[in-house]
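**Student:** Quick one: structure below, then a few questions.
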Amino acid sequence: LIVVSDDVLATGVVAAIEHLRIDVPSNVKLLVLSHKGNEHCASIELATMQMNPFKNGSDAADEILMFLRDEKHEINLVLPPEFIPGESL
């Protein structure tokens, strides 16, 4: 399993792997941690873990508002990424 930070890097990794005639995902699996808008440049659909900044910001703001209304409110917030399946995994 190769984990890369973003789709720009993943595009180069996929090209290098294919140049070596290694099959993705049969021989090597690839997971991308964020999209920068270039995910369609790779020759295969990339599997990605992606954060939703709007939802995460909204959830965080809700928790902060609840804390400001009641200081005894314990903030216990988990902001999970969304898994987007692809051919690379």
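A note on labels: chains of the structure tokens are A, B, ... as shown, every chain counts residues from 1, and ligands are counted from 1 in their shown order.
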Excluding A:Pro85 and its own-chain neighbours fewer than 4 positions away, which residues fall within 12 Å of it when counting only C-alpha atoms? Please give them as number ranges by chain.
**Tutor:** A: 30-32, 44-50, 89
**Student:** Can you list every residue in chain A that DSSP puts in helix (DSSP H, G or I), as JSON, numbers by chain?
**Tutor:** {"A": [7, 8, 9, 10, 11, 12, 13, 14, 15, 16, 17, 18, 19, 39, 40, 41, 53, 54, 55, 56, 57, 58, 59, 60, 61, 62, 63, 64, 65, 66, 67, 68, 69]}
**Student:** When you count only C-alpha atoms, which of these residues is closest to A:Val24: A:Leu9, A:Ile84, A:Ile64, A:Ile2?
**Tutor:**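 Among the listed residues, A:Ile2 lies closest to A:Val24.
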**Student:** I'd like to know which residues of chain A are strand (DSSP E) (by DSSP, run on the backbone); could you write them as a PyMOL selection string?
**Tutor:** chain A and resi 2-4+30-32+47-50+82-84
**Student:** Output the selection as a short mmCIF file (atom, residue, chain, number, x, y, z; two decimals), in the first residue's frame - N, CA, C and O atoms for each residue.
**Tutor:**
```
data_model
loop_
_atom_site.label_atom_id
_atom_site.label_comp_id
_atom_site.auth_asym_id
_atom_site.auth_seq_id
_atom_site.Cartn_x
_atom_site.Cartn_y
_atom_site.Cartn_z
N ILE A 2 0.64 2.11 -0.95
CA ILE A 2 1.32 3.40 -1.00
C ILE A 2 0.29 4.46 -0.64
O ILE A 2 -0.79 4.51 -1.24
N VAL A 3 0.60 5.29 0.33
CA VAL A 3 -0.27 6.39 0.74
C VAL A 3 0.40 7.68 0.33
O VAL A 3 1.55 7.92 0.70
N VAL A 4 -0.31 8.50 -0.44
CA VAL A 4 0.26 9.77 -0.89
C VAL A 4 -0.60 10.92 -0.40
O VAL A 4 -1.79 10.76 -0.15
N LEU A 30 -2.97 1.97 -3.89
CA LEU A 30 -2.65 3.38 -3.72
C LEU A 30 -3.83 4.10 -3.08
O LEU A 30 -4.97 3.95 -3.51
N LEU A 31 -3.55 4.87 -2.02
CA LEU A 31 -4.58 5.64 -1.33
C LEU A 31 -4.13 7.09 -1.28
O LEU A 31 -2.99 7.39 -0.92
N VAL A 32 -5.02 8.00 -1.64
CA VAL A 32 -4.74 9.43 -1.67
C VAL A 32 -5.43 10.09 -0.48
O VAL A 32 -6.57 9.76 -0.16
N ALA A 47 -8.58 6.01 -5.18
CA ALA A 47 -9.27 5.86 -3.90
C ALA A 47 -8.75 6.96 -2.99
O ALA A 47 -7.54 7.19 -2.90
N THR A 48 -9.68 7.65 -2.30
CA THR A 48 -9.29 8.84 -1.54
C THR A 48 -9.96 8.90 -0.18
O THR A 48 -11.12 8.52 -0.04
N MET A 49 -9.23 9.40 0.78
CA MET A 49 -9.78 9.80 2.08
C MET A 49 -9.87 11.31 2.01
O MET A 49 -8.86 11.98 1.83
N GLN A 50 -11.08 11.86 2.13
CA GLN A 50 -11.25 13.29 1.93
C GLN A 50 -12.02 13.91 3.08
O GLN A 50 -13.02 13.38 3.53
N GLU A 82 -14.12 11.20 4.75
CA GLU A 82 -15.02 10.39 3.93
C GLU A 82 -14.16 9.53 3.00
O GLU A 82 -13.21 10.02 2.40
N PHE A 83 -14.49 8.25 2.89
CA PHE A 83 -13.77 7.37 1.97
C PHE A 83 -14.45 7.42 0.62
O PHE A 83 -15.65 7.17 0.51
N ILE A 84 -13.68 7.74 -0.41
CA ILE A 84 -14.19 7.74 -1.78
C ILE A 84 -13.52 6.59 -2.51
O ILE A 84 -12.31 6.62 -2.74
#
```
**Student:** Find the spatial neighbours of stretch 58-63 of chain A, counting only C-alpha atoms, within a cut-off of 12 Å - ignore same-chain residues fewer than 2 positions away - and output them as a list of chain:residue names.
**Tutor:**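 Everything that qualifies: A:Asn52, A:Pro53, A:Phe54, A:Lys55, A:Asn56, A:Leu65, A:Met66, A:Phe67, A:Leu68, A:Arg69, A:Asp70, A:Glu71, A:His73, A:Glu74, A:Ile75, A:Asn76, A:Leu77, A:Val78, A:Leu79, A:Pro80.
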**Student:** Using atom CA of A:Leu20 and atom CA of A:Val8 as the two end points, give the distance in Å to one decimal.
**Tutor:** 19.2 Å
**Student:** Report, in Å with one decimal, the straight-line distance from atom CA of A:Gly12 to atom CA of A:Ser88.
**Tutor:**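 Computing the Euclidean distance for atom CA of A:Gly12 and atom CA of A:Ser88 yields 13.4 Å.
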**Student:** Report, in Å with one decimal, the straight-line distance from atom CA of A:Met51 to atom CA of A:Pro25.
**Tutor:**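 Straight-line distance from atom CA of A:Met51 to atom CA of A:Pro25 works out to 23.4 Å.
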**Student:** Find the residues around A:Val14 up to 8 Å (only C-alpha atoms counted), leave out those fewer than 2 positions away in its own chain, and share them as a VMD selection string.
**Tutor:** chain A and resid 10 to 12 16 to 18 24 42 to 43
**Student:** With N, CA and C atoms retained, export the selected residues as a PDB file, in the first residue's frame.
**Tutor:**
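This is the output file result_24.pdb:
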```
ATOM      1  N   ALA A  10      -0.084  11.621  -6.547  1.00  0.00           N
ATOM      2  CA  ALA A  10      -0.593  10.302  -6.940  1.00  0.00           C
ATOM      3  C   ALA A  10      -0.530  10.099  -8.445  1.00  0.00           C
ATOM      4  N   THR A  11      -0.778  11.150  -9.216  1.00  0.00           N
ATOM      5  CA  THR A  11      -0.711  11.042 -10.677  1.00  0.00           C
ATOM      6  C   THR A  11       0.686  10.625 -11.121  1.00  0.00           C
ATOM      7  N   GLY A  12       1.711  11.224 -10.516  1.00  0.00           N
ATOM      8  CA  GLY A  12       3.088  10.840 -10.833  1.00  0.00           C
ATOM      9  C   GLY A  12       3.419   9.446 -10.372  1.00  0.00           C
ATOM     10  N   ALA A  16       4.612   6.326 -12.761  1.00  0.00           N
ATOM     11  CA  ALA A  16       5.853   5.587 -12.517  1.00  0.00           C
ATOM     12  C   ALA A  16       5.591   4.097 -12.349  1.00  0.00           C
ATOM     13  N   ILE A  17       4.534   3.763 -11.623  1.00  0.00           N
ATOM     14  CA  ILE A  17       4.185   2.357 -11.415  1.00  0.00           C
ATOM     15  C   ILE A  17       3.825   1.698 -12.748  1.00  0.00           C
ATOM     16  N   GLU A  18       3.032   2.399 -13.551  1.00  0.00           N
ATOM     17  CA  GLU A  18       2.656   1.843 -14.860  1.00  0.00           C
ATOM     18  C   GLU A  18       3.867   1.721 -15.784  1.00  0.00           C
ATOM     19  N   VAL A  24      -1.837  -1.781 -10.841  1.00  0.00           N
ATOM     20  CA  VAL A  24      -2.571  -1.206  -9.712  1.00  0.00           C
ATOM     21  C   VAL A  24      -4.022  -1.628  -9.890  1.00  0.00           C
ATOM     22  N   ALA A  42      -4.956  11.104 -13.460  1.00  0.00           N
ATOM     23  CA  ALA A  42      -4.389   9.759 -13.371  1.00  0.00           C
ATOM     24  C   ALA A  42      -5.133   8.842 -14.334  1.00  0.00           C
ATOM     25  N   SER A  43      -4.466   7.790 -14.757  1.00  0.00           N
ATOM     26  CA  SER A  43      -5.072   6.865 -15.719  1.00  0.00           C
ATOM     27  C   SER A  43      -6.117   5.949 -15.082  1.00  0.00           C
TER      28      SER A  43
END
```
**Student:** Check the smallest atom-to-atom distance from each of A:Pro81, A:Leu1, A:Asp7, A:Val13 to A:Ser26 using only C-alpha atoms, then report the winner.
**Tutor:**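 Using only C-alpha atoms, the shortest distance to A:Ser26 belongs to A:Leu1.
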